[in-house]
Every structure is written in C-alpha cells, then in structure tokens.
file data.txt (compact mmCIF, C-alpha atoms and all ligand atoms)
# COMPACT_ATOMS: atom_id res chain seq x y z
CA MET D 1 -10.91 19.07 -2.54
CA ALA D 2 -12.99 16.60 -4.56
CA GLY D 3 -16.75 16.74 -4.32
CA ARG D 4 -18.65 13.50 -3.69
CA ARG D 5 -19.58 11.52 -6.74
CA PRO D 6 -21.01 8.06 -7.19
CA ALA D 7 -18.63 5.12 -7.34
CA ARG D 8 -18.06 4.20 -10.96
CA ARG D 9 -17.54 0.48 -10.51
CA ARG D 10 -20.45 -1.83 -10.90
CA GLY D 11 -20.79 -5.20 -9.12
CA GLY D 12 -20.12 -7.46 -12.12
CA GLN D 13 -17.12 -5.43 -13.26
CA MET D 14 -15.72 -5.52 -9.75
CA SER D 15 -15.84 -9.30 -9.40
CA GLU D 16 -14.17 -9.75 -12.80
CA HIS D 17 -11.54 -7.24 -11.70
CA ARG D 18 -10.98 -9.07 -8.40
CA ARG D 19 -10.43 -12.41 -10.12
CA SER D 20 -7.70 -10.88 -12.28
CA ARG D 21 -5.74 -9.83 -9.18
CA SER D 22 -3.90 -11.91 -6.63
CA VAL D 23 -5.66 -12.60 -3.34
CA ALA D 24 -3.03 -10.47 -1.55
CA GLN D 25 -3.68 -7.51 -3.90
CA THR D 26 -7.42 -7.81 -3.41
CA PHE D 27 -7.01 -8.00 0.36
CA LEU D 28 -4.79 -4.90 0.35
CA THR D 29 -7.22 -2.95 -1.86
CA ASP D 30 -10.18 -3.95 0.34
CA LEU D 31 -8.23 -2.97 3.46
CA LEU D 32 -7.35 0.44 2.05
CA GLU D 33 -10.95 0.99 0.93
CA SER D 34 -12.30 0.16 4.39
CA GLN D 35 -9.70 2.33 6.16
CA LEU D 36 -10.48 5.23 3.82
CA ALA D 37 -14.20 4.75 4.46
CA GLU D 38 -13.53 4.91 8.23
CA TRP D 39 -11.47 8.06 7.72
CA GLN D 40 -14.32 9.57 5.67
CA SER D 41 -16.87 8.83 8.37
CA ARG D 42 -14.64 10.61 10.93
CA VAL D 43 -14.48 13.76 8.78
CA GLY D 44 -18.15 13.98 7.88
CA GLY D 45 -18.21 11.86 4.73
CA ARG D 46 -16.20 14.04 2.40
CA SER D 47 -13.86 12.46 -0.11
CA ALA D 48 -10.12 12.61 0.48
CA SER D 49 -7.21 14.32 -1.17
CA VAL D 50 -4.81 11.41 -1.55
CA VAL D 51 -1.12 11.58 -2.39
CA ASP D 52 0.32 8.31 -3.67
CA ILE D 53 4.06 8.77 -3.20
CA GLY D 54 5.99 6.40 -5.46
CA GLY D 55 2.62 5.43 -6.95
CA GLY D 56 4.30 4.31 -10.16
CA THR D 57 1.92 3.48 -13.00
CA GLY D 58 -1.15 4.15 -10.86
CA GLY D 59 -2.43 0.68 -10.01
CA LEU D 60 -3.95 2.06 -6.82
CA ALA D 61 -4.55 5.64 -7.93
CA VAL D 62 -7.10 4.75 -10.60
CA GLY D 63 -9.15 2.65 -8.15
CA LEU D 64 -9.08 5.39 -5.50
CA ALA D 65 -10.11 8.07 -8.01
CA ALA D 66 -12.96 5.81 -9.17
CA GLN D 67 -14.23 5.80 -5.58
CA GLY D 68 -14.45 9.59 -5.56
CA HIS D 69 -11.10 10.63 -4.13
CA THR D 70 -8.73 13.14 -5.72
CA VAL D 71 -5.36 11.49 -6.22
CA THR D 72 -1.95 13.01 -6.86
CA VAL D 73 0.75 10.54 -7.80
CA VAL D 74 4.29 11.75 -7.09
CA ASP D 75 6.98 9.55 -8.60
CA PRO D 76 10.53 10.16 -9.89
CA SER D 77 9.97 7.98 -12.98
CA PRO D 78 8.70 9.85 -16.08
CA ASP D 79 7.88 6.52 -17.76
CA ALA D 80 5.71 5.42 -14.86
CA LEU D 81 3.92 8.77 -14.85
CA ALA D 82 3.27 8.56 -18.60
CA ALA D 83 1.74 5.10 -18.12
CA LEU D 84 -0.36 6.48 -15.25
CA GLN D 85 -1.67 9.29 -17.46
CA ARG D 86 -2.65 6.79 -20.17
CA ARG D 87 -4.47 4.67 -17.58
CA ALA D 88 -6.27 7.70 -16.16
CA ALA D 89 -7.40 8.72 -19.66
CA GLU D 90 -8.65 5.19 -20.45
CA ALA D 91 -10.67 5.22 -17.21
CA ASP D 92 -11.99 8.75 -17.94
CA LEU D 93 -10.53 9.95 -14.64
CA THR D 94 -8.06 12.61 -15.77
CA ASP D 95 -9.94 15.28 -13.78
CA TYR D 96 -9.27 13.35 -10.58
CA ILE D 97 -5.68 12.17 -11.03
CA THR D 98 -2.63 14.42 -11.19
CA ALA D 99 0.85 13.12 -12.03
CA LEU D 100 3.83 15.00 -10.60
CA GLN D 101 7.46 14.11 -11.05
CA GLY D 102 9.43 14.10 -7.80
CA ASP D 103 10.47 12.07 -4.81
CA THR D 104 9.71 12.11 -1.11
CA GLY D 105 12.06 15.07 -0.60
CA ASP D 106 9.99 17.15 -3.06
CA LEU D 107 6.62 16.57 -1.40
CA SER D 108 6.53 19.79 0.56
CA SER D 109 7.55 22.02 -2.36
CA LEU D 110 5.18 20.25 -4.78
CA LEU D 111 2.14 20.14 -2.51
CA GLY D 112 2.64 22.56 0.35
CA PRO D 113 2.62 21.87 4.09
CA SER D 114 -0.46 20.30 5.74
CA SER D 115 -2.15 20.05 2.32
CA THR D 116 -3.13 16.39 2.20
CA ASP D 117 -5.71 14.10 3.83
CA VAL D 118 -4.13 10.72 3.12
CA VAL D 119 -0.66 9.71 1.96
CA VAL D 120 -0.29 6.28 0.40
CA CYS D 121 3.32 5.05 0.49
CA HIS D 122 3.38 1.50 -0.79
CA ARG D 123 6.60 -0.43 -1.41
CA VAL D 124 8.71 2.76 -1.45
CA LEU D 125 10.13 3.26 2.05
CA GLU D 126 12.48 0.30 1.55
CA TYR D 127 14.09 2.10 -1.44
CA LEU D 128 14.82 5.33 0.41
CA PRO D 129 18.38 5.95 1.60
CA ASP D 130 16.95 7.50 4.77
CA PRO D 131 13.50 6.12 5.66
CA ARG D 132 13.34 8.35 8.76
CA GLN D 133 13.65 11.43 6.56
CA GLY D 134 11.08 9.94 4.16
CA LEU D 135 8.56 9.63 6.98
CA ALA D 136 9.32 13.21 8.08
CA ASP D 137 8.75 14.44 4.50
CA ILE D 138 5.39 12.64 4.43
CA ALA D 139 4.38 14.03 7.82
CA GLY D 140 5.11 17.53 6.50
CA VAL D 141 2.32 17.39 3.88
CA LEU D 142 -0.33 15.67 6.04
CA HIS D 143 -2.74 17.82 7.98
CA GLU D 144 -3.51 16.99 11.60
CA GLN D 145 -6.54 14.77 10.79
CA GLY D 146 -4.62 13.01 8.04
CA ALA D 147 -3.56 9.38 7.76
CA LEU D 148 -0.71 7.37 6.27
CA SER D 149 -1.17 4.03 4.48
CA LEU D 150 2.29 2.47 4.53
CA LEU D 151 3.18 -0.84 2.86
CA VAL D 152 6.67 -2.26 3.21
CA ALA D 153 8.32 -5.41 1.88
CA GLN D 154 9.76 -7.47 4.75
CA ARG D 155 13.18 -9.04 4.95
CA HIS D 156 12.21 -12.41 6.50
CA PRO D 157 10.35 -13.79 3.45
CA VAL D 158 13.08 -12.44 1.14
CA VAL D 159 15.73 -14.29 3.15
CA VAL D 160 13.64 -17.49 3.05
CA SER D 161 13.00 -17.33 -0.70
CA GLN D 162 16.67 -16.64 -1.48
CA ALA D 163 17.72 -19.57 0.71
CA VAL D 164 15.04 -21.90 -0.69
CA SER D 165 16.25 -21.12 -4.21
CA GLY D 166 19.74 -22.22 -3.09
CA ASP D 167 21.40 -18.79 -2.91
CA PHE D 168 22.55 -19.03 0.70
CA ALA D 169 25.23 -16.31 0.39
CA HIS D 170 22.65 -13.85 -0.93
CA ALA D 171 20.24 -14.82 1.86
CA ARG D 172 22.96 -14.17 4.47
CA ARG D 173 23.74 -10.75 2.94
CA THR D 174 20.06 -9.86 2.94
CA TRP D 175 19.69 -10.93 6.57
CA ALA D 176 22.72 -8.82 7.56
CA ASP D 177 21.59 -5.75 5.58
CA ALA D 178 20.59 -3.15 8.15
CA ARG D 179 18.55 -1.26 5.55
CA MET D 180 16.09 -4.13 5.07
CA LEU D 181 12.84 -3.38 6.84
CA ASP D 182 10.35 -5.51 8.70
CA ARG D 183 7.31 -5.09 10.95
CA THR D 184 9.32 -4.40 14.13
CA ARG D 185 11.72 -1.94 12.50
CA VAL D 186 9.00 0.02 10.74
CA GLN D 187 6.85 0.15 13.86
CA ARG D 188 9.87 1.51 15.77
CA LEU D 189 10.61 4.08 13.04
CA LEU D 190 7.01 5.29 13.12
CA GLU D 191 6.80 5.48 16.89
CA GLU D 192 10.18 7.21 17.29
CA ALA D 193 9.01 9.83 14.78
CA GLY D 194 5.86 10.42 16.84
CA TRP D 195 3.28 8.66 14.62
CA ASP D 196 0.35 6.81 16.20
CA VAL D 197 0.14 3.32 14.73
CA ARG D 198 -3.59 2.53 14.38
CA ALA D 199 -3.48 -0.85 12.64
CA VAL D 200 -0.95 -3.39 11.41
CA HIS D 201 -1.77 -6.12 8.88
CA GLY D 202 0.36 -8.75 7.20
CA ILE D 203 -0.31 -8.94 3.45
CA GLY D 204 0.06 -12.22 1.59
CA ALA D 205 1.06 -14.26 4.68
CA ILE D 206 -0.73 -17.33 3.37
CA SER D 207 -2.08 -16.53 -0.07
CA GLU D 208 1.35 -15.84 -1.58
CA HIS D 209 2.28 -19.48 -0.83
CA VAL D 210 -0.83 -21.01 -2.40
CA PRO D 211 -0.40 -22.29 -5.96
CA GLU D 212 -2.82 -20.92 -8.56
CA ARG D 213 -4.31 -24.39 -9.18
CA HIS D 214 -5.81 -24.43 -5.68
CA LEU D 215 -7.95 -21.42 -6.60
CA GLU D 216 -9.89 -23.20 -9.32
CA GLY D 217 -13.46 -23.99 -8.36
CA PRO D 218 -16.39 -22.12 -6.90
CA ASP D 219 -15.70 -19.94 -3.86
CA ARG D 220 -12.03 -20.96 -3.63
CA TYR D 221 -10.78 -17.39 -4.19
CA ARG D 222 -13.31 -16.02 -1.72
CA GLU D 223 -12.39 -18.62 0.91
CA LEU D 224 -8.67 -17.93 0.66
CA LEU D 225 -9.38 -14.19 0.82
CA ALA D 226 -11.35 -14.77 4.03
CA LEU D 227 -8.45 -16.77 5.53
CA GLU D 228 -5.99 -14.06 4.48
CA ARG D 229 -8.14 -11.49 6.24
CA GLU D 230 -8.55 -13.63 9.38
CA VAL D 231 -4.81 -14.16 9.94
CA SER D 232 -3.68 -10.70 8.86
CA GLU D 233 -3.66 -9.07 12.31
CA ASP D 234 -1.96 -11.97 14.06
CA PRO D 235 1.52 -10.65 14.98
CA ALA D 236 3.29 -13.91 14.03
CA PHE D 237 1.66 -14.04 10.59
CA ALA D 238 2.21 -10.29 10.14
CA SER D 239 5.92 -10.78 10.84
CA VAL D 240 6.45 -13.40 8.13
CA ALA D 241 4.13 -11.99 5.47
CA PRO D 242 5.88 -10.71 2.31
CA TRP D 243 4.51 -7.23 3.04
CA VAL D 244 3.29 -5.46 6.13
CA HIS D 245 0.76 -2.63 6.07
CA PHE D 246 0.50 0.13 8.67
CA LEU D 247 -2.22 2.69 9.12
CA ALA D 248 -0.70 5.58 11.07
CA THR D 249 -1.76 9.06 11.99
CA PRO D 250 0.40 12.05 12.89
CA GLY D 251 0.93 12.06 16.68
C1 LIG D 301 8.14 -1.14 -6.18
S1 LIG D 301 7.55 0.30 -6.97
C2 LIG D 301 6.01 0.49 -6.08
C3 LIG D 301 4.95 1.13 -6.93
C4 LIG D 301 3.59 1.26 -6.23
N1 LIG D 301 3.66 2.12 -5.06
C5 LIG D 301 3.07 -0.11 -5.87
O1 LIG D 301 2.96 -0.44 -4.68
O2 LIG D 301 2.75 -0.86 -6.81
C6 LIG D 301 8.56 1.58 -6.28
C7 LIG D 301 8.19 2.96 -6.80
O3 LIG D 301 8.89 3.93 -6.02
C8 LIG D 301 9.37 4.94 -6.86
N2 LIG D 301 10.49 5.58 -6.15
C9 LIG D 301 11.80 5.22 -6.12
N3 LIG D 301 12.51 6.07 -5.35
C10 LIG D 301 11.63 6.99 -4.87
C11 LIG D 301 11.75 8.12 -4.03
N4 LIG D 301 12.94 8.50 -3.52
N5 LIG D 301 10.63 8.84 -3.74
C12 LIG D 301 9.45 8.48 -4.24
N6 LIG D 301 9.26 7.40 -5.06
C13 LIG D 301 10.34 6.67 -5.36
C14 LIG D 301 9.74 4.22 -8.14
O4 LIG D 301 9.80 5.07 -9.27
C15 LIG D 301 8.58 3.21 -8.24
O5 LIG D 301 7.48 3.72 -8.96
call {"tool": "encode", "arguments": {"input": "data.txt", "output": "structure tokens"}}
result
Amino acid sequence: MAGRRPARRRGGQMSEHRRSRSVAQTFLTDLLESQLAEWQSRVGGRSASVVDIGGGTGGLAVGLAAQGHTVTVVDPSPDALAALQRRAAEADLTDYITALQGDTGDLSSLLGPSSTDVVVCHRVLEYLPDPRQGLADIAGVLHEQGALSLLVAQRHPVVVSQAVSGDFAHARRTWADARMLDRTRVQRLLEEAGWDVRAVHGIGAISEHVPERHLEGPDRYRELLALEREVSEDPAFASVAPWVHFLATPG
C-alpha cells in the first residue's frame, strides 16, 4: 500500500495541462479525482491501490500516481506497456506505477483475490467478448470496501456519427449489434452481477459537439467545463453522451 505523499502537480502546471486536454477528458479526470477523494475520506485518508485494467499507455495512471496512489496497469499490449514505462520514468514515478501484461481474465492470478482498492476500467468493457465475465474478473480482485470506475463508449452517438457521415448501412449494423453497450445495458449488467451503482455521469454530452474555435477567449474552456459538469447526471444527456461513466461498489 502506498504511503501518503504530497501531490506533485503545481497550480500553473495543472492549468497548462488542462488546456492541452479536451473538456471531456478534463471533466472525466476531475470526476475520478473527486470520487477517489471521497473514497479516501471513507477509509481514513489513506491512498489507494489502483488497478487500471486496459490502461494502455498510462494516460490516467501517471496522473493518479502523481496524486499519491499506487497504480498497476494491466494491459495485453506490450507496446502500450512500454510507452507507459517511458512515461512513468519521465514523470519520475516508476516507484508508484507497475506495468503487467495480461487481460481481464488474468487479474486474479496477477494480483490475487481481494487485493485492490480501486479498479479503473475505461473504454475496455466494450472490447471484451463476454463483458459479464469481465465484470466478474474485476470483482474478484476488489476488496469489500473497493470501488470500480467504469467508462464505456455508447452505441447511440456512434450510430448518429456513422449516419451523419453518410454510412447508413454501417449505422444500421451498429444499431443492430447486440454487443454494443450503452447506459441502460451497462447499468443492467452491473446490477444483475450484484454491484451497487453509486453514480452515473455522461462524458462529453455537449463538449464533444463544440468546435475548437468556440473555446478561444478568456474563461470559455472553464464555462464549457461547468456546463459539461451540470448536465452530466441528467439521464437524457447521459444516454446520448459518447461515453458513460459508472462508479460502482461490490454489492
Ligand atoms: C480504447 S483503449 C483504452 C485505453 C485506456 N483505458 C483509455 O481509456 O484511454 C483499449 C485498451 O484495452 C486493452 N485491451 C484490449 N482487450 C483487453 C482485454 N481483454 N483485457 C484488458 N485490456 C484489454 C487494449 O490493449 C487497449 O490498451
């Protein structure tokens, strides 16, 4: 378990960093930070052992490690893990980030049962041949006070963008594809598997439709971020957002 250590980011660096990311990415990162902070306050303030399953090149892992958490990225791609290790070294965070090759089915053998405080599973469930089994594999490594941060791409915006680009046949196939996930299906999967869904947020519901030119000018980014946050828990916006985020705990 990681000890507590001061956050490494400083204010000025953070705002530069935020401007280089999309509003949706910033909203997601802020959401995860606040949910982790809530989790920490429930468990007496200690930092978390985080597993980022399918964490890829470590876009989230480096930020979480910089906040004091210990992060293990499990991903089947050796190239992604090599990029993650380079990033961790550049950020001087190699002591706090571990890269392990594997997939959801390997979690238990790699990490051991009930070993983990928080599992981050972002934009991975939709690639699994059996998402139910994937959720069971994740549940197996979480301890009883643990939490799951789950981000899934939704089929509705994919269907719309394929149709708007003129590919109606593709849009129809996507709509008919029973493997495509959305807010309702994921919520059902979680509840049927006994998870408690604590929060649901749409990600990018508005900001992903706003052209970059509308963000030029003082406070424009901040204002759009505020709007993104304000609509994110509305069920209608959450249903049509490109991604939907769930915070769930083992039931
Ligand atoms: C779209 S990327 C998402 C990366 C990162 N989580 C993010 O949100 O930016 C999907 C990732 O899932 C990984 N992946 C694919 N199949 C997987 C599986 N069965 N178990 C775990 N990860 C998997 C891929 O290697 C890739 O890094």
call {"tool": "atom_distance", "arguments": {"input": "data.txt", "atom1": "CA of Trp39 in chain D", "atom2": "CA of Val71 in chain D"}}
result
15.6 Å
call {"tool": "residues_near_ligand", "arguments": {"input": "data.txt", "ligand": "ligand LIG 301 (chain D)", "cutoff": "7 Å", "atoms": "all atoms listed in the file", "output": "PDB file with C-alpha atoms, in the coordinates of the input"}}
result
ATOM      1  CA  ILE D  53       4.060   8.770  -3.200  1.00  0.00           C
ATOM      2  CA  GLY D  54       5.990   6.400  -5.460  1.00  0.00           C
ATOM      3  CA  GLY D  55       2.620   5.430  -6.950  1.00  0.00           C
ATOM      4  CA  GLY D  56       4.300   4.310 -10.160  1.00  0.00           C
ATOM      5  CA  THR D  57       1.920   3.480 -13.000  1.00  0.00           C
ATOM      6  CA  GLY D  59      -2.430   0.680 -10.010  1.00  0.00           C
ATOM      7  CA  VAL D  74       4.290  11.750  -7.090  1.00  0.00           C
ATOM      8  CA  ASP D  75       6.980   9.550  -8.600  1.00  0.00           C
ATOM      9  CA  PRO D  76      10.530  10.160  -9.890  1.00  0.00           C
ATOM     10  CA  SER D  77       9.970   7.980 -12.980  1.00  0.00           C
ATOM     11  CA  ALA D  80       5.710   5.420 -14.860  1.00  0.00           C
ATOM     12  CA  GLY D 102       9.430  14.100  -7.800  1.00  0.00           C
ATOM     13  CA  ASP D 103      10.470  12.070  -4.810  1.00  0.00           C
ATOM     14  CA  THR D 104       9.710  12.110  -1.110  1.00  0.00           C
ATOM     15  CA  CYS D 121       3.320   5.050   0.490  1.00  0.00           C
ATOM     16  CA  HIS D 122       3.380   1.500  -0.790  1.00  0.00           C
ATOM     17  CA  ARG D 123       6.600  -0.430  -1.410  1.00  0.00           C
ATOM     18  CA  VAL D 124       8.710   2.760  -1.450  1.00  0.00           C
ATOM     19  CA  TYR D 127      14.090   2.100  -1.440  1.00  0.00           C
ATOM     20  CA  LEU D 128      14.820   5.330   0.410  1.00  0.00           C
TER      21      LEU D 128
END
call {"tool": "closest_residue", "arguments": {"input": "data.txt", "among": "D:Val200, D:Leu64, D:Leu111, D:Val50", "to": "Gly140 in chain D", "atoms": "only C-alpha atoms"}}
result
D:Leu111
call {"tool": "residues_near_point", "arguments": {"input": "data.txt", "point": "(0.3, 18.2, 2.5)", "cutoff": "10 Å", "atoms": "only C-alpha atoms", "output": "ChimeraX atom specification"}}
result
/D:49-51,107-119,137-144,146
call {"tool": "residues_around", "arguments": {"input": "data.txt", "residues": "range 159-161 of chain D", "least_positions_apart": "4", "cutoff": "10 Å", "atoms": "all atoms listed in the file", "output": "PyMOL selection string"}}
result
chain D and resi 154-155+165-168+170-176+240
call {"tool": "closest_residue", "arguments": {"input": "data.txt", "among": "D:Ala169, D:Ala163, D:Ala48, D:Leu151", "to": "His201 in chain D", "atoms": "only C-alpha atoms"}}
result
D:Leu151
